[in-house]
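Listing of model_28.cif, mmCIF, C-alpha atoms
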data_run
#
loop_
_atom_site.label_atom_id
_atom_site.label_comp_id
_atom_site.auth_asym_id
_atom_site.auth_seq_id
_atom_site.Cartn_x
_atom_site.Cartn_y
_atom_site.Cartn_z
CA MET O 25 97.60 107.69 93.83
CA ALA O 26 101.17 108.62 94.58
CA GLY O 27 103.89 106.09 93.94
CA THR O 28 105.34 104.52 97.04
CA THR O 29 108.92 104.91 98.11
CA PRO O 30 111.03 101.92 97.01
CA SER O 31 112.83 99.63 99.41
CA GLN O 32 116.61 99.41 99.72
CA THR O 33 118.83 97.00 101.61
CA VAL O 34 119.66 97.47 105.30
CA GLY O 35 123.28 96.99 104.22
CA PRO O 36 126.14 95.58 106.28
CA TYR O 37 126.01 98.21 109.02
CA LEU O 38 122.42 97.74 110.19
CA HIS O 39 123.74 96.93 113.67
CA ILE O 40 124.46 100.57 114.48
CA GLY O 41 120.92 101.65 113.66
CA LEU O 42 118.35 98.96 114.27
CA PRO O 43 118.95 96.71 117.28
CA TRP O 44 117.49 97.81 120.62
CA PRO O 45 118.61 96.60 124.04
CA ASP O 46 115.04 95.41 124.68
CA GLY O 47 114.48 94.40 121.04
CA PRO O 48 114.21 90.64 121.57
CA PHE O 49 111.59 91.09 124.28
CA ALA O 50 108.14 91.11 122.72
CA VAL O 51 107.03 90.65 126.32
CA ALA O 52 108.92 91.72 129.44
CA GLU O 53 111.53 89.20 130.58
CA GLY O 54 110.21 86.78 133.18
CA SER O 55 106.53 87.23 132.24
CA PRO O 56 104.34 84.24 133.11
CA GLY O 57 104.02 82.03 130.06
CA GLY O 58 107.08 83.55 128.41
CA ILE O 59 108.69 81.45 125.66
CA TRP O 60 111.85 81.76 123.62
CA ILE O 61 111.63 81.43 119.86
CA ARG O 62 115.12 80.72 118.62
CA GLY O 63 116.41 79.96 115.19
CA ALA O 64 119.03 80.68 112.57
CA LEU O 65 119.00 82.43 109.22
CA TYR O 66 120.74 80.57 106.36
CA ASP O 67 121.64 81.55 102.81
CA GLY O 68 121.37 79.47 99.65
CA ALA O 69 124.69 77.74 100.34
CA GLY O 70 123.49 76.72 103.79
CA ALA O 71 125.84 79.23 105.44
CA PRO O 72 124.59 81.24 108.41
CA VAL O 73 123.72 84.88 107.65
CA PRO O 74 125.51 86.94 110.31
CA ASP O 75 124.30 90.34 109.11
CA GLY O 76 120.56 89.90 109.20
CA LEU O 77 117.74 91.15 111.37
CA ILE O 78 114.58 89.29 112.35
CA GLU O 79 111.43 91.15 113.34
CA THR O 80 108.29 89.52 114.69
CA TRP O 81 104.73 90.82 115.04
CA GLN O 82 101.88 88.92 116.61
CA ALA O 83 98.59 88.94 118.47
CA ASP O 84 98.40 88.58 122.23
CA PRO O 85 97.37 85.25 123.84
CA ASP O 86 93.73 86.27 123.29
CA GLY O 87 94.33 86.78 119.58
CA ARG O 88 93.96 90.55 119.83
CA PHE O 89 95.94 93.61 118.84
CA ALA O 90 96.31 96.99 120.54
CA HIS O 91 95.61 98.85 117.31
CA ASP O 92 92.77 100.82 115.73
CA ASN O 93 92.26 98.17 113.06
CA ASP O 94 91.30 95.68 115.78
CA PRO O 95 88.13 97.17 117.28
CA ARG O 96 88.20 94.58 120.07
CA GLY O 97 91.45 96.11 121.32
CA ALA O 98 93.95 94.19 123.40
CA VAL O 99 93.42 92.54 126.76
CA ALA O 100 95.45 94.55 129.27
CA ARG O 101 98.69 92.68 129.76
CA PRO O 102 101.57 94.65 131.23
CA GLY O 103 104.86 94.36 129.40
CA PHE O 104 103.38 92.86 126.23
CA ARG O 105 104.51 94.64 123.06
CA GLY O 106 103.88 91.93 120.47
CA PHE O 107 106.86 93.16 118.47
CA GLY O 108 110.30 91.61 118.67
CA ARG O 109 113.53 92.49 116.89
CA CYS O 110 116.83 90.65 117.00
CA PRO O 111 119.94 90.89 114.83
CA THR O 112 121.48 87.57 113.80
CA ASP O 113 124.83 86.69 115.36
CA GLN O 114 127.97 85.13 113.85
CA ASN O 115 126.14 81.79 113.67
CA GLY O 116 123.08 83.35 112.08
CA GLU O 117 121.16 82.84 115.33
CA TYR O 118 118.38 85.04 116.67
CA ALA O 119 116.12 84.76 119.70
CA ILE O 120 112.80 86.41 120.55
CA TYR O 121 111.12 86.21 123.95
CA THR O 122 107.35 86.39 123.77
CA LEU O 123 103.97 84.91 124.70
CA LYS O 124 102.31 82.39 122.45
CA PRO O 125 99.63 84.19 120.43
CA GLY O 126 96.02 83.06 120.42
CA PRO O 127 93.96 82.22 117.34
CA VAL O 128 93.26 85.32 115.25
CA PRO O 129 90.09 86.06 113.27
CA GLY O 130 90.49 85.43 109.58
CA ALA O 131 88.23 86.38 106.72
CA GLY O 132 84.59 85.61 107.41
CA ASP O 133 84.19 83.12 110.23
CA THR O 134 87.34 81.11 109.58
CA PRO O 135 89.82 81.60 112.41
CA GLN O 136 93.53 81.58 111.77
CA ALA O 137 95.76 79.29 113.78
CA PRO O 138 98.11 81.01 116.23
CA HIS O 139 100.92 82.54 114.17
CA ILE O 140 103.64 85.15 114.21
CA ASP O 141 104.44 87.33 111.21
CA VAL O 142 108.17 87.57 110.52
CA SER O 143 110.19 90.10 108.51
CA VAL O 144 113.70 89.14 107.42
CA PHE O 145 116.19 91.88 106.59
CA ALA O 146 119.85 91.43 105.65
CA ARG O 147 122.74 92.77 103.68
CA GLY O 148 122.20 91.44 100.17
CA MET O 149 118.41 91.69 100.49
CA LEU O 150 116.98 94.67 98.63
CA ASN O 151 113.62 94.25 100.33
CA ARG O 152 112.47 92.34 103.37
CA THR O 153 111.03 88.87 102.99
CA VAL O 154 107.98 87.91 105.02
CA THR O 155 107.15 84.55 106.49
CA ARG O 156 104.99 83.16 109.30
CA ILE O 157 105.73 81.00 112.32
CA TYR O 158 103.09 78.40 113.21
CA PHE O 159 103.16 76.10 116.23
CA PRO O 160 103.65 72.31 116.29
CA ASP O 161 101.14 71.83 119.13
CA GLU O 162 98.25 73.32 117.13
CA LEU O 163 97.68 70.49 114.68
CA ARG O 164 93.95 70.93 114.26
CA ALA O 165 94.07 74.71 114.10
CA ASN O 166 96.92 74.51 111.61
CA GLU O 167 94.92 72.16 109.38
CA ALA O 168 92.06 74.62 109.31
CA ASP O 169 94.24 77.71 108.90
CA PRO O 170 93.36 79.50 105.64
CA VAL O 171 96.92 80.62 104.91
CA LEU O 172 98.65 77.32 105.70
CA SER O 173 96.04 75.31 103.85
CA SER O 174 96.48 77.49 100.77
CA ILE O 175 99.96 75.95 100.41
CA ALA O 176 99.46 72.69 98.55
CA ASP O 177 102.83 71.08 99.17
CA ALA O 178 103.21 69.43 102.61
CA ALA O 179 106.98 69.89 102.65
CA GLU O 180 106.57 73.59 101.95
CA ARG O 181 103.96 73.93 104.69
CA ALA O 182 106.34 72.22 107.08
CA THR O 183 108.87 75.04 106.68
CA LEU O 184 106.40 77.32 108.49
CA ILE O 185 105.94 75.13 111.55
CA ALA O 186 108.33 75.67 114.44
CA GLY O 187 109.84 72.81 116.41
CA ALA O 188 109.26 72.42 120.15
CA THR O 189 112.23 73.02 122.47
CA ALA O 190 112.79 72.96 126.23
CA ASP O 191 112.08 76.69 126.64
CA GLY O 192 109.85 77.37 123.66
CA TYR O 193 110.26 76.79 119.95
CA ARG O 194 112.83 76.71 117.19
CA PHE O 195 112.25 78.29 113.79
CA ASP O 196 115.08 78.26 111.26
CA ILE O 197 114.79 80.37 108.14
CA ARG O 198 116.35 79.27 104.84
CA LEU O 199 116.43 82.05 102.27
CA GLN O 200 117.13 79.74 99.34
CA GLY O 201 117.87 76.16 98.36
CA GLU O 202 116.79 72.84 99.77
CA ASN O 203 113.98 73.28 102.27
CA GLU O 204 113.74 76.95 101.35
CA THR O 205 111.30 78.61 103.75
CA VAL O 206 107.96 79.64 102.31
CA PHE O 207 107.89 83.41 101.91
CA PHE O 208 104.82 85.47 101.29
CA ASP O 209 103.72 88.11 98.84
CA ILE O 210 102.60 90.69 101.37
CA MET W 3 88.52 76.22 118.68
CA ALA W 4 91.03 77.01 121.38
CA THR W 5 89.18 79.99 122.82
CA SER W 6 85.72 80.80 124.08
CA GLU W 7 85.87 84.18 122.39
CA PRO W 8 83.76 84.24 119.28
CA LEU W 9 86.14 84.60 116.37
CA ARG W 10 83.63 86.06 114.02
CA SER W 11 85.23 88.55 111.80
CA ALA W 12 82.87 91.43 112.07
CA ILE W 13 85.94 93.49 111.49
CA ARG W 14 86.26 95.55 108.37
CA LEU W 15 89.90 95.28 107.42
CA PRO W 16 91.70 97.63 105.11
CA ARG W 17 93.61 96.05 102.27
CA TYR W 18 96.87 97.53 101.19
CA VAL W 19 98.09 98.00 97.65
CA ARG W 20 100.62 95.37 96.56
CA ASP W 21 103.20 97.67 95.08
CA HIS W 22 105.81 95.14 94.05
CA GLU W 23 106.67 96.80 90.77
CA VAL W 24 108.09 99.74 92.74
CA HIS W 25 110.64 97.70 94.67
CA PRO W 26 113.93 96.19 93.55
CA PRO W 27 113.83 92.47 92.74
CA LEU W 28 115.41 90.38 95.49
CA ASP W 29 117.41 88.68 92.74
CA SER W 30 119.51 91.56 91.39
CA PRO W 31 122.69 90.01 89.97
CA GLU W 32 124.59 93.31 89.70
CA TYR W 33 124.43 93.50 93.50
CA ARG W 34 126.37 90.34 94.03
CA SER W 35 125.33 89.62 97.61
CA THR W 36 121.76 89.01 96.46
CA ALA W 37 122.84 85.75 94.73
CA LEU W 38 122.46 83.46 97.74
CA ARG W 39 120.00 85.61 99.63
CA HIS W 40 116.88 85.60 97.49
CA PRO W 41 114.11 82.98 97.57
CA LYS W 42 113.78 80.99 94.35
CA ARG W 43 110.32 79.66 95.07
CA GLU W 44 107.40 81.77 94.06
CA LEU W 45 106.06 83.90 96.90
CA LYS W 46 102.69 82.74 98.26
CA LEU W 47 99.89 85.26 98.46
CA LEU W 48 99.26 86.40 102.03
CA PRO W 49 95.82 87.96 102.50
CA HIS W 50 95.79 91.17 104.52
CA LEU W 51 94.21 89.94 107.74
CA LEU W 52 94.46 91.31 111.26
CA THR W 53 98.15 90.56 111.79
CA GLU W 54 99.02 92.29 108.54
CA VAL W 55 96.89 95.42 109.01
CA THR W 56 98.12 96.15 112.54
CA SER W 57 101.58 97.11 113.73
CA PRO W 58 103.42 98.09 116.87
CA LEU W 59 102.77 101.65 117.97
CA PHE W 60 105.68 103.35 119.66
CA GLY W 61 105.62 106.34 121.97
CA GLU W 62 107.93 109.08 123.16
CA ASP W 63 109.48 106.63 125.62
CA ARG W 64 111.46 105.14 122.72
CA ILE W 65 112.99 108.51 121.88
CA GLY W 66 115.88 110.18 123.72
CA ASP W 67 116.40 113.97 123.93
CA THR W 68 119.11 114.15 121.27
CA ASP W 69 117.90 111.29 119.08
CA ASN W 70 116.73 113.64 116.31
CA ASP W 71 119.93 115.73 116.39
CA LEU W 72 122.95 113.64 115.45
CA THR W 73 125.23 116.65 115.93
CA ARG W 74 124.54 116.84 119.67
CA GLN W 75 125.07 113.30 120.84
CA HIS W 76 128.64 113.86 122.09
CA ASP W 77 130.58 116.45 124.07
CA GLY W 78 132.01 117.99 120.91
CA GLU W 79 130.59 118.72 117.49
CA PRO W 80 131.11 116.29 114.62
CA GLN W 81 133.16 117.20 111.54
CA GLY W 82 131.37 117.94 108.32
CA GLN W 83 128.57 119.90 106.75
CA ARG W 84 125.61 120.31 109.08
CA ILE W 85 122.28 119.54 107.37
CA ILE W 86 118.59 119.47 108.25
CA VAL W 87 116.72 116.51 106.76
CA HIS W 88 112.98 116.88 107.02
CA GLY W 89 109.82 115.84 105.26
CA GLN W 90 106.43 114.23 105.54
CA VAL W 91 105.45 110.57 105.68
CA ARG W 92 102.21 109.88 103.78
CA ASP W 93 100.50 106.83 102.43
CA GLY W 94 99.76 106.28 98.76
CA ASP W 95 96.38 107.97 99.19
CA GLY W 96 98.02 111.14 100.43
CA ARG W 97 97.07 110.63 104.06
CA PRO W 98 99.75 111.70 106.56
CA VAL W 99 101.17 108.89 108.71
CA PRO W 100 101.22 110.45 112.20
CA HIS W 101 103.00 109.35 115.40
CA SER W 102 105.08 106.74 113.63
CA LEU W 103 108.64 105.69 114.42
CA ILE W 104 111.47 106.61 112.02
CA GLU W 105 114.99 105.32 112.61
CA ILE W 106 118.06 106.44 110.66
CA TRP W 107 121.71 105.44 110.47
CA GLN W 108 124.55 106.70 108.31
CA ALA W 109 128.27 107.09 107.69
CA ASN W 110 130.20 110.11 108.96
CA ALA W 111 131.38 113.03 106.81
CA GLY W 112 134.26 110.97 105.43
CA GLY W 113 132.06 107.99 104.59
CA ARG W 114 132.89 105.70 107.53
CA TYR W 115 130.36 103.94 109.75
CA ARG W 116 130.90 103.50 113.46
CA HIS W 117 130.74 99.73 113.00
CA THR W 118 133.36 97.06 113.71
CA GLY W 119 132.89 95.72 110.18
CA ASP W 120 133.79 99.01 108.49
CA ASN W 121 137.57 99.19 108.24
CA TRP W 122 138.31 101.28 105.21
CA PRO W 123 141.03 103.90 105.80
CA CYS W 124 138.94 106.92 106.68
CA PRO W 125 138.96 108.19 110.26
CA LEU W 126 136.11 107.69 112.68
CA ASP W 127 134.76 110.87 114.21
CA PRO W 128 134.70 110.66 118.01
CA ASN W 129 131.79 113.09 118.01
CA PHE W 130 129.57 111.23 115.58
CA THR W 131 127.65 108.01 116.10
CA GLY W 132 125.44 108.32 113.04
CA VAL W 133 122.22 106.99 114.57
CA GLY W 134 118.93 108.83 115.05
CA ARG W 135 115.25 108.22 115.72
CA THR W 136 112.11 110.28 115.96
CA LEU W 137 108.33 110.05 115.79
CA THR W 138 106.36 111.75 113.05
CA ASP W 139 104.09 114.49 114.36
CA ALA W 140 100.30 114.70 113.98
CA GLU W 141 100.78 115.73 110.31
CA GLY W 142 103.27 112.96 109.59
CA ARG W 143 106.21 115.36 109.59
CA TYR W 144 109.71 114.51 110.78
CA ARG W 145 112.95 116.43 111.16
CA PHE W 146 116.56 115.46 111.82
CA THR W 147 119.71 117.51 112.18
CA THR W 148 122.77 115.60 111.06
CA ILE W 149 125.97 115.75 109.00
CA GLN W 150 126.19 115.28 105.25
CA PRO W 151 127.40 111.67 104.95
CA GLY W 152 130.35 110.85 102.70
CA ALA W 153 130.51 108.29 99.90
CA TYR W 154 132.48 105.13 100.61
CA PRO W 155 134.10 102.29 98.69
CA TRP W 156 132.92 98.68 98.78
CA ARG W 157 133.91 95.51 97.02
CA ASN W 158 130.90 94.69 94.88
CA HIS W 159 132.77 95.42 91.64
CA ASP W 160 135.97 97.07 90.53
CA ASN W 161 136.27 100.57 92.05
CA ALA W 162 132.75 100.43 93.50
CA TRP W 163 131.54 103.37 95.59
CA ARG W 164 128.22 103.85 97.34
CA PRO W 165 126.63 107.24 96.67
CA ALA W 166 126.16 109.22 99.89
CA HIS W 167 123.00 108.06 101.63
CA ILE W 168 121.11 107.88 104.90
CA HIS W 169 119.38 104.62 105.88
CA PHE W 170 115.74 105.06 106.91
CA SER W 171 113.52 102.55 108.70
CA LEU W 172 109.76 103.19 108.97
CA PHE W 173 106.92 101.28 110.56
CA GLY W 174 103.88 103.12 109.29
CA GLN W 175 100.63 101.91 110.83
CA ALA W 176 100.41 98.38 109.48
CA PHE W 177 102.75 95.42 109.09
CA THR W 178 102.18 95.75 105.34
CA GLN W 179 103.66 99.28 105.42
CA ARG W 180 107.00 98.40 107.01
CA LEU W 181 109.78 99.95 104.92
CA VAL W 182 113.55 100.11 105.14
CA THR W 183 115.19 102.24 102.49
CA GLN W 184 117.91 104.81 101.77
CA MET W 185 117.72 108.52 101.08
CA TYR W 186 120.13 109.93 98.51
CA PHE W 187 121.31 113.43 97.60
CA PRO W 188 120.53 115.27 94.37
CA GLY W 189 123.01 115.09 91.52
CA ASP W 190 125.24 112.44 93.06
CA PRO W 191 127.86 111.54 90.41
CA LEU W 192 128.08 107.96 91.72
CA PHE W 193 124.57 106.84 90.85
CA PHE W 194 125.55 105.44 87.46
CA GLN W 195 127.73 102.67 88.90
CA ASP W 196 125.73 101.81 92.01
CA PRO W 197 123.88 98.48 91.70
CA ILE W 198 121.79 99.13 94.82
CA TRP W 199 120.38 102.37 93.44
CA ASN W 200 120.04 100.87 89.96
CA SER W 201 118.27 97.77 91.29
CA ILE W 202 115.04 99.77 91.29
CA PRO W 203 113.61 99.03 87.84
CA ASP W 204 111.55 102.18 87.36
CA GLU W 205 113.52 105.38 86.99
CA LYS W 206 110.71 107.49 88.45
CA ALA W 207 110.58 105.27 91.51
CA ARG W 208 114.36 105.56 91.84
CA GLU W 209 114.13 109.34 91.76
CA ARG W 210 111.75 109.20 94.73
CA LEU W 211 114.73 108.23 96.87
CA VAL W 212 116.47 111.53 96.15
CA ALA W 213 115.98 114.39 98.59
CA ARG W 214 115.35 117.92 97.34
CA PHE W 215 117.78 120.67 98.24
CA ASP W 216 115.64 123.01 100.32
CA TYR W 217 117.14 126.49 100.38
CA ALA W 218 114.05 127.97 102.05
CA ASN W 219 114.63 125.82 105.13
CA THR W 220 118.37 126.30 105.48
CA LEU W 221 119.31 127.85 108.80
CA PRO W 222 121.37 130.98 108.10
CA GLU W 223 124.92 130.66 109.39
CA TRP W 224 124.12 127.17 110.68
CA ALA W 225 122.88 124.39 108.39
CA LEU W 226 121.85 123.48 104.85
CA ALA W 227 118.54 121.69 104.39
CA TYR W 228 117.07 118.83 102.37
CA GLU W 229 113.45 117.83 102.11
CA TRP W 230 112.48 114.22 101.58
CA ASP W 231 108.91 112.95 101.65
CA ILE W 232 108.29 109.25 102.11
CA VAL W 233 105.24 107.45 100.71
CA LEU W 234 104.15 104.19 102.32
CA ARG W 235 101.68 101.83 100.75
CA GLY W 236 98.12 103.08 100.49
CA GLN W 237 94.90 101.13 100.81
CA GLU W 238 92.86 99.47 98.14
CA PRO W 239 89.42 101.00 97.68
CA THR W 240 87.10 99.33 100.20
CA PRO W 241 84.85 96.83 98.44
CA PHE W 242 81.27 96.42 99.56
CA GLU W 243 81.33 93.37 101.80
CA SER W 244 78.14 91.36 101.71
CA ASP W 245 79.31 89.08 104.49
CA GLU W 246 79.68 91.96 106.91
CA ASP W 247 78.15 90.99 110.23
CA ASP W 248 78.38 93.60 112.91
CA ASP W 249 76.74 91.97 115.87
#

What's the structure tokens form of this structure?
Amino acid sequence: MAGTTPSQTVGPYLHIGLPWPDGPFAVAEGSPGGIWIRGALYDGAGAPVPDGLIETWQADPDGRFAHDNDPRGAVARPGFRGFGRCPTDQNGEYAIYTLKPGPVPGAGDTPQAPHIDVSVFARGMLNRTVTRIYFPDELRANEADPVLSSIADAAERATLIAGATADGYRFDIRLQGENETVFFDI
Amino acid sequence: MATSEPLRSAIRLPRYVRDHEVHPPLDSPEYRSTALRHPKRELKLLPHLLTEVTSPLFGEDRIGDTDNDLTRQHDGEPQGQRIIVHGQVRDGDGRPVPHSLIEIWQANAGGRYRHTGDNWPCPLDPNFTGVGRTLTDAEGRYRFTTIQPGAYPWRNHDNAWRPAHIHFSLFGQAFTQRLVTQMYFPGDPLFFQDPIWNSIPDEKARERLVARFDYANTLPEWALAYEWDIVLRGQEPTPFESDEDDD
């Protein structure tokens, strides 16, 4: 087996290479059911990270993926990409416009609660960190979710659950320190 | 359950190798900016389920005509040494990664980025943006034409310089394979003092970030060439799954 290529930081100039005009739109703007997921990225001193990039990847509202590894395929839904990308601004803020994902099959017969996988990139990060967004209006599904329930500490689990807002949800990401977000070994 | 769809997992999912030992630790004190930007809690194990083994698939509609030729994105030609950078994207099992998006960005020949945050006294080149993208072909191959980037100073430590590099971003075919990295040039005299390069613990892994000078693919009277293959994570051998249920 060949050794994989190591990661390196996106550096301070990621903005010339990675943002796309349509990056924040995991679904086309104005789609029925569209929600905004907004949040901020903070460092270990609680300061906003203005040179980061948030990427999101998720199932469609039926819990499916348009990908060979999901033999069910996706339900046809024009304008749905499932992938969002947004650089953080001077206040560390990002925003992704999407549809709420459905429950996704887990291992065996245990479904996973609706969730969004998140990659965090920034200057000063030599590799991405990965976290997940769960939804506050999915209490029962969250309780049964195999990934969430593998985290013993309630306060740690809480860092993965977005807050409800007028136009969607809020999900802040704390790289370090008090209320540090749970990150995953992917 | 919130859906009438049966959520039985009759789906055989690949599992990807967890190749952490290859990558730099997020806490790398010599690269000072890592200090407040690395998690201190232990990472929690995320099984490779559907969200992790799928990824966005991008098509030609994301790619513009001159996106793979950074020397033709303006009316005039950029300053500097024209180079071809090409190679193959494979996974750790040697399988090509076809039809997959690659994005690159880089400094100009003098080592300056077209970015409002880069103010060191080296001129911008009006004919160079320093941004490219392409899709790998059916064999996982990619090819860019660009300009040899320059080294540039930064403030990490006294008299710190980044070795010349090109930033690469790859999606592969699964969320687990997402990779952002940097390609370097052979024999760069600045490696010894660069904490980003040296953050990779294994010397052999570090060397995998260095392109090979490729005389055979130089274009006579036009451009030098470098070859750089990229290896994304491979899959674990598939275990026999007794709970497989295909109806």

Within 12 Å of (127.3, 112.7, 107.9), in the coordinates the file gives, what residues turn up when you count all atoms listed in the file, written out as a ChimeraX atom specification?
/W:71-73,79-87,106-116,126-127,129-134,146-154,166-169,187

Would you please work out which residue, of W:Arg143, W:Arg235, W:Arg64, W:Arg97, is nearest to chain O when using all atoms listed in the file?
W:Arg235

Residues of chain O within 7 Å of chain W, counting all atoms listed in the file - could you list those as number ranges by chain?
O: 25-34, 37, 40-41, 67-69, 82-83, 91, 93, 107, 129-133, 135, 148-151, 171, 199-200, 207-210

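Against the coordinates shown, the PyMOL selection byres ((chain O and resi 108) around 9) returns Asp46, Gly47, Pro48, Phe49, Ala50, Val51, Ile78, Glu79, Thr80, Trp81, Arg105, Gly106, Phe107, Arg109, Cys110, Ile120, Tyr121 and Thr122 of chain O.
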
For each of O:Asp196, O:Glu204, O:Asp84, O:Glu180, take the minimum atom-to-atom distance to Pro102 in chain O, counting only C-alpha atoms, then give the residue where this is smallest.
O:Asp84

Pick from W:Gln195, W:Glu229, W:Thr136, W:Phe215, whichever lies nearest to Asp160 in chain W using all atoms listed in the file
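That would be W:Gln195, the residue with the smallest distance to Asp160 in chain W.
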
Calculate how many Å separate CA of Ala119 in chain O from CA of Ala168 in chain O, rounding to one decimal.
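Answer for the CA of Ala119 in chain O to CA of Ala168 in chain O separation: 28.1 Å.
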
Resolved residues for the PyMOL selection byres ((chain O and resi 75-77) around 10) as a PyMOL selection string
chain O and resi 34-39+42-43+64-66+72-74+78-79+109-118+143-149+152

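For the file at hand, the PyMOL selection byres ((chain W and resi 101) around 7) resolves to Val99, Pro100, Ser102, Leu103, Leu137, Thr138, Asp139, Ala140 and Gly142 of chain W.
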
As an exercise, work out the distance from CA of Gly54 in chain O to CA of Ala190 in chain O in Å and give it to one decimal place.
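For CA of Gly54 in chain O relative to CA of Ala190 in chain O, the distance reads 15.7 Å.
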
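In this model, the gap between CA of Pro125 in chain W and CA of Ile65 in chain W comes to 28.5 Å.
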